[in-house]
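Below is start05.csv, which holds CSV, C-alpha atoms.
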chain,number,residue,atom,x,y,z
F,103,VAL,CA,0.0,0.0,0.0
F,104,ILE,CA,2.8,2.4,0.9
F,105,LEU,CA,4.7,1.8,-2.3
F,106,VAL,CA,1.7,2.2,-4.5
F,107,LEU,CA,0.7,5.5,-2.8
F,108,ILE,CA,4.2,7.0,-2.8
F,109,SER,CA,4.6,6.1,-6.5
F,110,LEU,CA,1.6,8.3,-7.3
F,111,TYR,CA,2.8,11.4,-5.3
F,112,GLU,CA,6.0,13.1,-4.5
F,113,ILE,CA,8.1,11.6,-1.8
F,114,ASN,CA,8.1,14.8,0.3
F,115,ASN,CA,4.3,14.8,0.7
F,116,ILE,CA,4.3,14.5,4.5
F,117,VAL,CA,0.5,14.1,4.7
F,118,LEU,CA,0.5,11.3,2.3
F,119,LEU,CA,3.3,9.5,4.1
F,120,MET,CA,1.4,9.9,7.4
F,121,ILE,CA,-1.7,8.4,5.9
F,122,ALA,CA,0.2,5.6,4.2
F,123,SER,CA,2.1,4.7,7.4
F,124,ASN,CA,-1.1,4.7,9.4
F,125,VAL,CA,-2.9,2.4,7.0
F,126,ALA,CA,0.2,0.1,6.9
F,127,GLY,CA,0.2,-0.1,10.7
F,128,MET,CA,-3.5,-0.8,10.9
F,129,ALA,CA,-3.2,-3.5,8.2
F,130,LEU,CA,-0.1,-5.1,9.8
F,131,SER,CA,-1.9,-5.2,13.2
F,132,PHE,CA,-5.1,-6.6,11.7
F,133,VAL,CA,-3.3,-9.3,9.8
F,134,MET,CA,-1.0,-10.3,12.7
F,135,CYS,CA,-4.0,-10.5,15.1
F,136,HIS,CA,-6.0,-12.7,12.7
F,137,ALA,CA,-2.9,-14.9,12.0
F,138,ILE,CA,-2.3,-15.4,15.7
F,139,LEU,CA,-6.0,-16.3,16.2
F,140,GLN,CA,-6.0,-18.8,13.4
F,141,LEU,CA,-2.6,-20.2,14.4
F,142,ASN,CA,-3.7,-20.8,18.0
F,143,ARG,CA,-6.9,-22.4,16.9
F,144,ARG,CA,-5.3,-24.8,14.5
F,145,THR,CA,-1.9,-25.5,16.2
F,146,ASN,CA,-2.4,-24.5,19.9
F,147,LEU,CA,0.9,-22.7,19.7
F,148,PHE,CA,0.0,-19.9,22.3
F,149,PHE,CA,-1.5,-20.9,25.6
F,150,PRO,CA,-3.5,-23.8,24.0
F,151,PRO,CA,-7.1,-24.5,25.1
F,152,PRO,CA,-7.7,-27.9,26.8
F,153,PRO,CA,-9.6,-30.4,24.6
F,154,GLN,CA,-12.5,-30.7,27.0
F,155,LEU,CA,-13.8,-27.1,26.3
F,156,THR,CA,-16.9,-26.5,24.2
F,157,TYR,CA,-16.6,-25.0,20.7
F,158,ASN,CA,-17.7,-21.6,22.0
F,159,ASP,CA,-15.1,-21.6,24.7
F,160,LYS,CA,-12.3,-22.7,22.4
F,161,VAL,CA,-13.2,-19.8,20.0
F,162,GLU,CA,-13.2,-17.3,22.9
F,163,TRP,CA,-10.1,-18.8,24.4
F,164,SER,CA,-8.0,-18.0,21.3
F,165,GLY,CA,-9.7,-14.6,21.0
F,166,ARG,CA,-8.6,-13.7,24.5
F,167,VAL,CA,-5.1,-14.9,23.9
F,168,VAL,CA,-4.9,-12.3,21.1
F,169,SER,CA,-6.4,-9.7,23.4
F,170,SER,CA,-3.7,-10.3,26.0
F,171,LEU,CA,-0.9,-10.1,23.5
F,172,ASN,CA,-2.3,-6.8,22.1
F,173,ALA,CA,-2.4,-5.5,25.7
F,174,VAL,CA,1.3,-6.2,26.2
F,175,VAL,CA,2.1,-4.3,22.9
F,176,MET,CA,-0.1,-1.3,23.9
F,177,VAL,CA,1.2,-0.9,27.4
F,178,SER,CA,4.7,-1.1,26.0
F,179,GLY,CA,3.8,1.6,23.5
F,180,ALA,CA,2.3,3.8,26.2
F,181,LEU,CA,5.4,3.5,28.4
F,182,LEU,CA,7.7,4.2,25.5
F,183,VAL,CA,5.7,7.4,24.6
F,184,TYR,CA,5.5,8.6,28.2
F,185,LEU,CA,9.1,7.8,29.2
F,186,GLY,CA,10.6,8.8,25.9
F,187,GLU,CA,8.9,12.2,25.2
F,188,ALA,CA,5.6,12.9,26.9
F,189,GLN,CA,7.1,14.2,30.1
F,190,ASP,CA,8.4,17.2,28.2
F,191,TYR,CA,5.1,18.1,26.5
F,192,SER,CA,3.7,21.6,27.0
F,193,PRO,CA,-0.1,21.7,27.2
F,194,GLN,CA,-0.2,22.5,23.5
F,195,GLN,CA,2.0,19.6,22.7
F,196,CYS,CA,-0.1,17.2,24.8
F,197,LEU,CA,-2.9,17.6,22.2
F,198,PHE,CA,-1.5,18.8,18.9
F,199,GLY,CA,1.3,17.9,16.6
F,200,TYR,CA,2.6,14.8,14.9
F,201,SER,CA,4.9,12.4,16.8
F,202,THR,CA,6.2,9.1,15.4
F,203,LEU,CA,5.8,6.8,18.4
F,204,PRO,CA,2.2,7.7,19.3
F,205,ALA,CA,1.2,7.5,15.7
F,206,VAL,CA,2.7,4.0,15.2
F,207,PHE,CA,1.1,2.5,18.3
F,208,ALA,CA,-2.2,4.2,17.7
F,209,SER,CA,-2.3,2.7,14.2
F,210,LEU,CA,-1.5,-0.7,15.6
F,211,PHE,CA,-4.2,-0.3,18.2
F,212,LEU,CA,-6.7,0.7,15.6
F,213,GLY,CA,-5.8,-2.3,13.6
F,214,TYR,CA,-6.5,-4.5,16.6
F,215,VAL,CA,-9.8,-2.8,17.3
F,216,LEU,CA,-10.9,-3.4,13.7
F,217,TYR,CA,-9.8,-7.0,14.0
F,218,ASP,CA,-11.7,-7.6,17.2
F,219,THR,CA,-14.8,-5.8,15.9
F,220,THR,CA,-14.7,-8.3,13.0
F,221,PHE,CA,-14.2,-11.1,15.5
F,222,CYS,CA,-17.2,-9.9,17.5
F,223,LEU,CA,-19.4,-9.7,14.4
F,224,VAL,CA,-18.4,-13.0,13.0
F,225,TYR,CA,-19.1,-14.8,16.3
F,226,PHE,CA,-21.9,-12.5,17.4
F,227,HIS,CA,-24.3,-15.5,17.2
F,228,LEU,CA,-22.2,-17.1,19.9
F,229,PHE,CA,-21.4,-14.3,22.3
F,230,LYS,CA,-23.7,-11.4,21.6
F,231,ASP,CA,-21.0,-9.0,22.9
F,232,TYR,CA,-22.8,-5.7,22.7
F,233,ALA,CA,-20.5,-3.9,25.2
F,234,SER,CA,-17.4,-4.7,23.2
F,235,LEU,CA,-19.0,-3.5,20.0
F,236,VAL,CA,-19.9,-0.2,21.6
F,237,HIS,CA,-16.4,0.1,23.1
F,238,HIS,CA,-14.8,-0.6,19.7
F,239,ALA,CA,-17.1,1.8,17.9
F,240,ILE,CA,-16.0,4.6,20.3
F,241,PHE,CA,-12.3,3.9,20.1
F,242,SER,CA,-12.3,3.4,16.3
F,243,ALA,CA,-13.7,6.9,16.0
F,244,ILE,CA,-11.2,8.3,18.5
F,245,SER,CA,-8.2,6.6,17.1
F,246,TRP,CA,-8.9,7.3,13.4
F,247,TYR,CA,-9.7,11.0,14.1
F,248,ALA,CA,-6.6,11.4,16.3
F,249,LEU,CA,-4.4,9.8,13.6
F,250,GLN,CA,-5.8,11.9,10.8
F,251,HIS,CA,-5.4,15.1,12.6
F,252,SER,CA,-2.2,14.3,14.7
F,253,LEU,CA,-4.0,14.8,18.0
F,254,LEU,CA,-4.1,13.5,21.6
F,255,LYS,CA,-0.5,12.3,22.1
F,256,PHE,CA,-0.6,12.5,25.9
F,257,PRO,CA,-4.1,11.1,26.3
F,258,PHE,CA,-2.8,8.1,24.3
F,259,CYS,CA,-0.5,7.3,27.2
F,260,TRP,CA,-3.2,7.1,29.9
F,261,LEU,CA,-5.8,5.5,27.6
F,262,MET,CA,-3.4,2.7,26.5
F,263,LEU,CA,-2.1,2.1,30.1
F,264,THR,CA,-5.7,0.8,30.8
F,265,GLU,CA,-4.6,-2.3,28.9
F,266,PHE,CA,-2.6,-3.2,32.1
F,267,SER,CA,-5.7,-4.9,33.4
F,268,THR,CA,-6.6,-6.8,30.3
F,269,PRO,CA,-4.4,-9.9,30.8
F,270,PHE,CA,-5.7,-10.3,34.3
F,271,ILE,CA,-9.3,-10.1,33.1
F,272,ASN,CA,-8.6,-12.7,30.4
F,273,PHE,CA,-6.8,-15.0,32.8
F,274,ARG,CA,-9.7,-14.9,35.2
F,275,TRP,CA,-11.9,-16.1,32.3
F,276,HIS,CA,-9.4,-18.8,31.5
F,277,LEU,CA,-9.4,-20.1,35.0
F,278,ALA,CA,-13.2,-19.9,35.2
F,279,VAL,CA,-13.8,-22.1,32.1
F,280,LEU,CA,-11.2,-24.6,33.5
F,281,LYS,CA,-13.4,-24.8,36.6
F,282,ARG,CA,-10.7,-23.5,38.9
F,283,LYS,CA,-12.7,-20.9,40.7
F,284,ASP,CA,-12.2,-22.7,44.0
F,285,GLU,CA,-8.4,-22.4,43.8
F,286,LYS,CA,-6.3,-19.7,45.4
F,287,ILE,CA,-4.9,-18.6,42.1
F,288,TYR,CA,-8.4,-17.6,41.0
F,289,MET,CA,-8.8,-15.5,44.2
F,290,TRP,CA,-5.4,-13.7,43.9
F,291,ASN,CA,-6.0,-13.1,40.2
F,292,ALA,CA,-9.4,-11.6,41.0
F,293,VAL,CA,-7.7,-9.2,43.5
F,294,ALA,CA,-5.0,-8.3,41.0
F,295,CYS,CA,-7.7,-7.8,38.3
F,296,PHE,CA,-9.7,-5.5,40.5
F,297,THR,CA,-6.6,-3.6,41.6
F,298,MET,CA,-5.3,-3.0,38.0
F,299,PHE,CA,-8.7,-2.0,36.8
F,300,LEU,CA,-9.1,0.4,39.7
F,301,ILE,CA,-5.6,2.0,39.2
F,302,PHE,CA,-5.5,2.3,35.4
F,303,ARG,CA,-9.1,2.4,34.2
F,304,VAL,CA,-10.9,4.2,37.1
F,305,LEU,CA,-8.3,6.4,38.8
F,306,GLY,CA,-5.9,6.7,35.8
F,307,VAL,CA,-8.5,7.6,33.2
F,308,GLY,CA,-10.3,9.8,35.8
F,309,LEU,CA,-7.1,11.8,36.4
F,310,GLY,CA,-6.4,11.9,32.6
F,311,LEU,CA,-9.9,13.3,32.0
F,312,TRP,CA,-9.4,15.9,34.7
F,313,HIS,CA,-6.1,16.9,33.0
F,314,LEU,CA,-7.8,16.9,29.6
F,315,PHE,CA,-10.8,19.1,30.8
F,316,GLY,CA,-8.2,21.4,32.4
F,317,MET,CA,-7.1,22.2,28.8
F,318,TRP,CA,-10.6,23.0,27.6
F,319,SER,CA,-9.5,26.3,26.2
F,320,LEU,CA,-7.3,24.5,23.7
F,321,TRP,CA,-9.7,21.9,22.4
F,322,LEU,CA,-12.6,24.4,22.4
F,323,ALA,CA,-10.6,27.2,20.6
F,324,PRO,CA,-12.0,28.5,17.3
F,325,ASP,CA,-8.9,27.2,15.4
F,326,ALA,CA,-9.0,23.7,17.0
F,327,PRO,CA,-10.1,20.8,14.7
F,328,GLN,CA,-13.8,20.8,14.2
F,329,PHE,CA,-14.9,17.7,15.9
F,330,LEU,CA,-12.3,17.6,18.7
F,331,PRO,CA,-14.9,18.4,21.4
F,332,VAL,CA,-16.9,15.4,20.2
F,333,ILE,CA,-13.8,13.2,20.5
F,334,VAL,CA,-13.3,14.4,24.1
F,335,GLY,CA,-17.0,13.5,24.7
F,336,LEU,CA,-16.4,10.0,23.3
F,337,ILE,CA,-13.4,9.5,25.7
F,338,SER,CA,-15.7,10.6,28.5
F,339,LEU,CA,-18.3,8.1,27.4
F,340,SER,CA,-15.7,5.3,27.3
F,341,TYR,CA,-15.0,6.2,31.0
F,342,VAL,CA,-18.7,5.6,31.8
F,343,LEU,CA,-18.3,2.1,30.2
F,344,ASN,CA,-15.3,1.4,32.3
F,345,LEU,CA,-17.2,2.4,35.5
F,346,TYR,CA,-19.9,-0.1,34.4
F,347,TRP,CA,-17.4,-2.9,34.0
F,348,PHE,CA,-15.7,-1.9,37.3
F,349,ASN,CA,-19.0,-2.4,39.1
F,350,LEU,CA,-19.3,-5.9,37.7
F,351,LEU,CA,-15.7,-6.6,38.7
F,352,ALA,CA,-16.3,-5.4,42.2
F,353,GLN,CA,-19.4,-7.6,42.5
F,354,GLY,CA,-17.4,-10.6,41.2
F,355,LEU,CA,-14.6,-10.0,43.7
F,356,LEU,CA,-17.0,-9.8,46.6
F,357,ARG,CA,-18.5,-13.2,45.5
F,358,VAL,CA,-15.0,-14.7,45.4
F,359,LEU,CA,-13.9,-13.3,48.8
F,360,TYR,CA,-17.1,-14.0,50.7
F,361,LYS,CA,-18.0,-17.3,49.0
F,362,PRO,CA,-19.6,-19.6,51.6
F,363,LYS,CA,-17.3,-22.4,52.6
F,364,GLU,CA,-18.6,-26.0,52.1
F,365,ALA,CA,-19.5,-27.8,55.2
Please, can you express the file's structure as structure tokens?
Amino acid sequence: VILVLISLYEINNIVLLMIASNVAGMALSFVMCHAILQLNRRTNLFFPPPPQLTYNDKVEWSGRVVSSLNAVVMVSGALLVYLGEAQDYSPQQCLFGYSTLPAVFASLFLGYVLYDTTFCLVYFHLFKDYASLVHHAIFSAISWYALQHSLLKFPFCWLMLTEFSTPFINFRWHLAVLKRKDEKIYMWNAVACFTMFLIFRVLGVGLGLWHLFGMWSLWLAPDAPQFLPVIVGLISLSYVLNLYWFNLLAQGLLRVLYKPKEA
């Protein structure tokens, strides 16, 4: 895709190069995620599902393996951006201007979101995962708009750090389908899952939104990109979704901690 586009335009067309690299990153991420999913389903290469699982659970098992691997990549990207450059951002630089690392990882993230949206739709008859589809619709819009307008470099950091909790959430599901809810590892993972979700998705995003709304004069300025306030609203909406999921996690943790002991 990059070679074809560049052959049609001059090599110094920065906008073209940005679009081409974003599309390439999305395509690479989508293909890699699908390849890992199919490889795991056919060869059991990554964290293979046990043979006694139902067809539905085997499909979801491999899907969650891909989700956990993506989480590792996104957290790594967020840390690289923050430790490498974000600490030196001025308020203006937090929101506006192209930077390579955020663009690369945002395009990879968008590729994963598009892959997982496809996964949810293909297997909708099995899982009916409405919440994930809403989540993916929100972040597809945020990511694509941010990439096209070179926006939200610093919010990328705290939004992607939320993926810290994803492997723990997935591992909890893995233990549950293996019928290991009565083991201590399930209890400790539930505590870790709750803690990571609280730190990164509730407190972290909450502080990030507080910082973002503190810069309201920048993203509401007359010369700001037209739909940037809408994107800020979508980020806020995703926080409401996180609070909904946090409530479910809290209820689940209470059931684990206060489960009646067998006589």
key: Straight-line distance linking CA of Ala278 (chain F) with CA of Val174 (chain F), stated in Å to one decimal   =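 About the pair CA of Ala278 (chain F) and CA of Val174 (chain F): they are 21.9 Å apart.
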For the contact check between region 173-210 of chain F and region 121-140 of chain F, emit one row per residue of region 173-210 of chain F within 8 Å, containing the shortest atom pair and the distance in Å rounded to one decimal, counting only C-alpha atoms, chain then rising number order, as a Markdown table.
| residue | atom | partner | partner_atom | distance |
| --- | --- | --- | --- | --- |
| F:Ala205 | CA | F:Asn124 | CA | 7.3 |
| F:Val206 | CA | F:Gly127 | CA | 6.6 |
| F:Ser209 | CA | F:Met128 | CA | 5.0 |
| F:Leu210 | CA | F:Met128 | CA | 5.1 |
*Which of these residues is nearest to Pro257 (chain F), using all atoms listed in the file: F:Ile244, F:Leu339, F:Leu228, F:Leu322?*
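Of the candidates, the smallest distance to Pro257 (chain F) is held by F:Ile244.
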Set the distance at 12 Å and use all atoms listed in the file: which residues neighbour region 296-311 of chain F once local chain neighbours fewer than 2 positions away are removed? I'd like the list as number ranges by chain. F: 177, 196, 254, 256-271, 274, 289-294, 313-318, 334-356, 358
* What is the CA of Val236 (chain F)-CA of Tyr157 (chain F) distance in Å, reported with one decimal? ->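 For CA of Val236 (chain F) relative to CA of Tyr157 (chain F), the distance reads 25.0 Å.
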- Choose the residue, out of F:Asn172, F:Ala208, F:Ser319, F:Trp275, that has the smallest atom-to-atom separation from Ala243 (chain F); count all atoms listed in the file.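 With all atoms listed in the file as the atom set, the closest residue is F:Ala208.
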### Task
Could you check how far CA of Gln154 (chain F) sits from CA of Asn142 (chain F), in Å to one decimal?
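Computing it gives 16.0 Å between the two atoms.
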Polymer residues at most 9 Å from Arg166 (chain F), only C-alpha atoms, same-chain spacing of 5 or more positions, as a PyMOL selection string:
chain F and resi 161+171+269+272-273+275-276
In terms of all atoms listed in the file, the residue from F:Leu359, F:Leu320, F:Leu216, F:Val332 at minimal distance from Gln195 (chain F) is F:Leu320
Notebook entry, point to check: From the set F:Val168, F:Pro152, F:Ile333, F:Pro324, which residue has the shortest atom-to-atom contact distance to Phe241 (chain F), counting only C-alpha atoms?
Noted result: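 Under the stated criterion, the closest residue is F:Ile333.
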Across F:Gly165, F:Met176, F:Cys295, F:His237, the smallest distance to Phe221 (chain F), with only C-alpha atoms counted, is shown by F:Gly165
**Asked** Quick one: of F:Glu162, F:Ser170, F:Arg144, F:Leu249, who's nearest to Val279 (chain F), counting all atoms listed in the file?
**Response**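 Of F:Glu162, F:Ser170, F:Arg144, F:Leu249, the one nearest Val279 (chain F), counting all atoms listed in the file, is F:Glu162.
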Take region 231-256 of chain F from the block and save it with N, CA and C atoms, as a compact mmCIF listing (two decimals), in the first residue's frame.
# COMPACT_ATOMS: atom_id res chain seq x y z
N ASP F 231 -21.82 -9.94 22.13
CA ASP F 231 -21.02 -9.04 22.95
C ASP F 231 -21.29 -7.58 22.56
N TYR F 232 -22.43 -7.06 23.01
CA TYR F 232 -22.81 -5.69 22.68
C TYR F 232 -21.83 -4.68 23.28
N ALA F 233 -21.38 -4.91 24.51
CA ALA F 233 -20.51 -3.94 25.19
C ALA F 233 -19.21 -3.74 24.43
N SER F 234 -18.62 -4.83 23.94
CA SER F 234 -17.37 -4.71 23.18
C SER F 234 -17.57 -3.97 21.88
N LEU F 235 -18.71 -4.19 21.22
CA LEU F 235 -18.99 -3.49 19.98
C LEU F 235 -19.13 -1.98 20.21
N VAL F 236 -19.79 -1.61 21.31
CA VAL F 236 -19.91 -0.19 21.64
C VAL F 236 -18.52 0.39 21.94
N HIS F 237 -17.74 -0.33 22.74
CA HIS F 237 -16.38 0.10 23.08
C HIS F 237 -15.55 0.28 21.81
N HIS F 238 -15.61 -0.68 20.90
CA HIS F 238 -14.80 -0.62 19.69
C HIS F 238 -15.25 0.50 18.76
N ALA F 239 -16.55 0.74 18.69
CA ALA F 239 -17.05 1.84 17.86
C ALA F 239 -16.51 3.18 18.38
N ILE F 240 -16.51 3.34 19.70
CA ILE F 240 -16.01 4.58 20.31
C ILE F 240 -14.52 4.76 20.00
N PHE F 241 -13.73 3.71 20.23
CA PHE F 241 -12.28 3.86 20.07
C PHE F 241 -11.83 3.83 18.62
N SER F 242 -12.62 3.25 17.73
CA SER F 242 -12.32 3.36 16.30
C SER F 242 -12.43 4.82 15.87
N ALA F 243 -13.49 5.49 16.30
CA ALA F 243 -13.68 6.90 15.96
C ALA F 243 -12.58 7.77 16.57
N ILE F 244 -12.27 7.54 17.85
CA ILE F 244 -11.24 8.33 18.52
C ILE F 244 -9.89 8.14 17.84
N SER F 245 -9.51 6.88 17.60
CA SER F 245 -8.19 6.58 17.06
C SER F 245 -8.03 7.11 15.64
N TRP F 246 -9.04 6.89 14.80
CA TRP F 246 -8.92 7.34 13.42
C TRP F 246 -8.86 8.86 13.35
N TYR F 247 -9.69 9.54 14.10
CA TYR F 247 -9.69 11.00 14.08
C TYR F 247 -8.35 11.53 14.61
N ALA F 248 -7.86 10.94 15.69
CA ALA F 248 -6.58 11.39 16.26
C ALA F 248 -5.44 11.17 15.28
N LEU F 249 -5.45 10.05 14.57
CA LEU F 249 -4.40 9.78 13.59
C LEU F 249 -4.46 10.75 12.42
N GLN F 250 -5.66 11.00 11.92
CA GLN F 250 -5.82 11.85 10.75
C GLN F 250 -5.45 13.30 11.04
N HIS F 251 -5.62 13.74 12.29
CA HIS F 251 -5.36 15.14 12.63
C HIS F 251 -4.15 15.32 13.55
N SER F 252 -3.42 14.22 13.81
CA SER F 252 -2.24 14.27 14.67
C SER F 252 -2.57 14.90 16.03
N LEU F 253 -3.45 14.23 16.76
CA LEU F 253 -3.96 14.76 18.03
C LEU F 253 -3.75 13.79 19.18
N LEU F 254 -3.88 14.31 20.40
CA LEU F 254 -4.06 13.52 21.63
C LEU F 254 -2.87 12.60 21.94
N LYS F 255 -1.66 13.14 21.81
CA LYS F 255 -0.48 12.31 22.09
C LYS F 255 -0.44 11.89 23.56
N PHE F 256 -0.64 12.86 24.48
CA PHE F 256 -0.57 12.52 25.90
C PHE F 256 -1.75 11.68 26.35
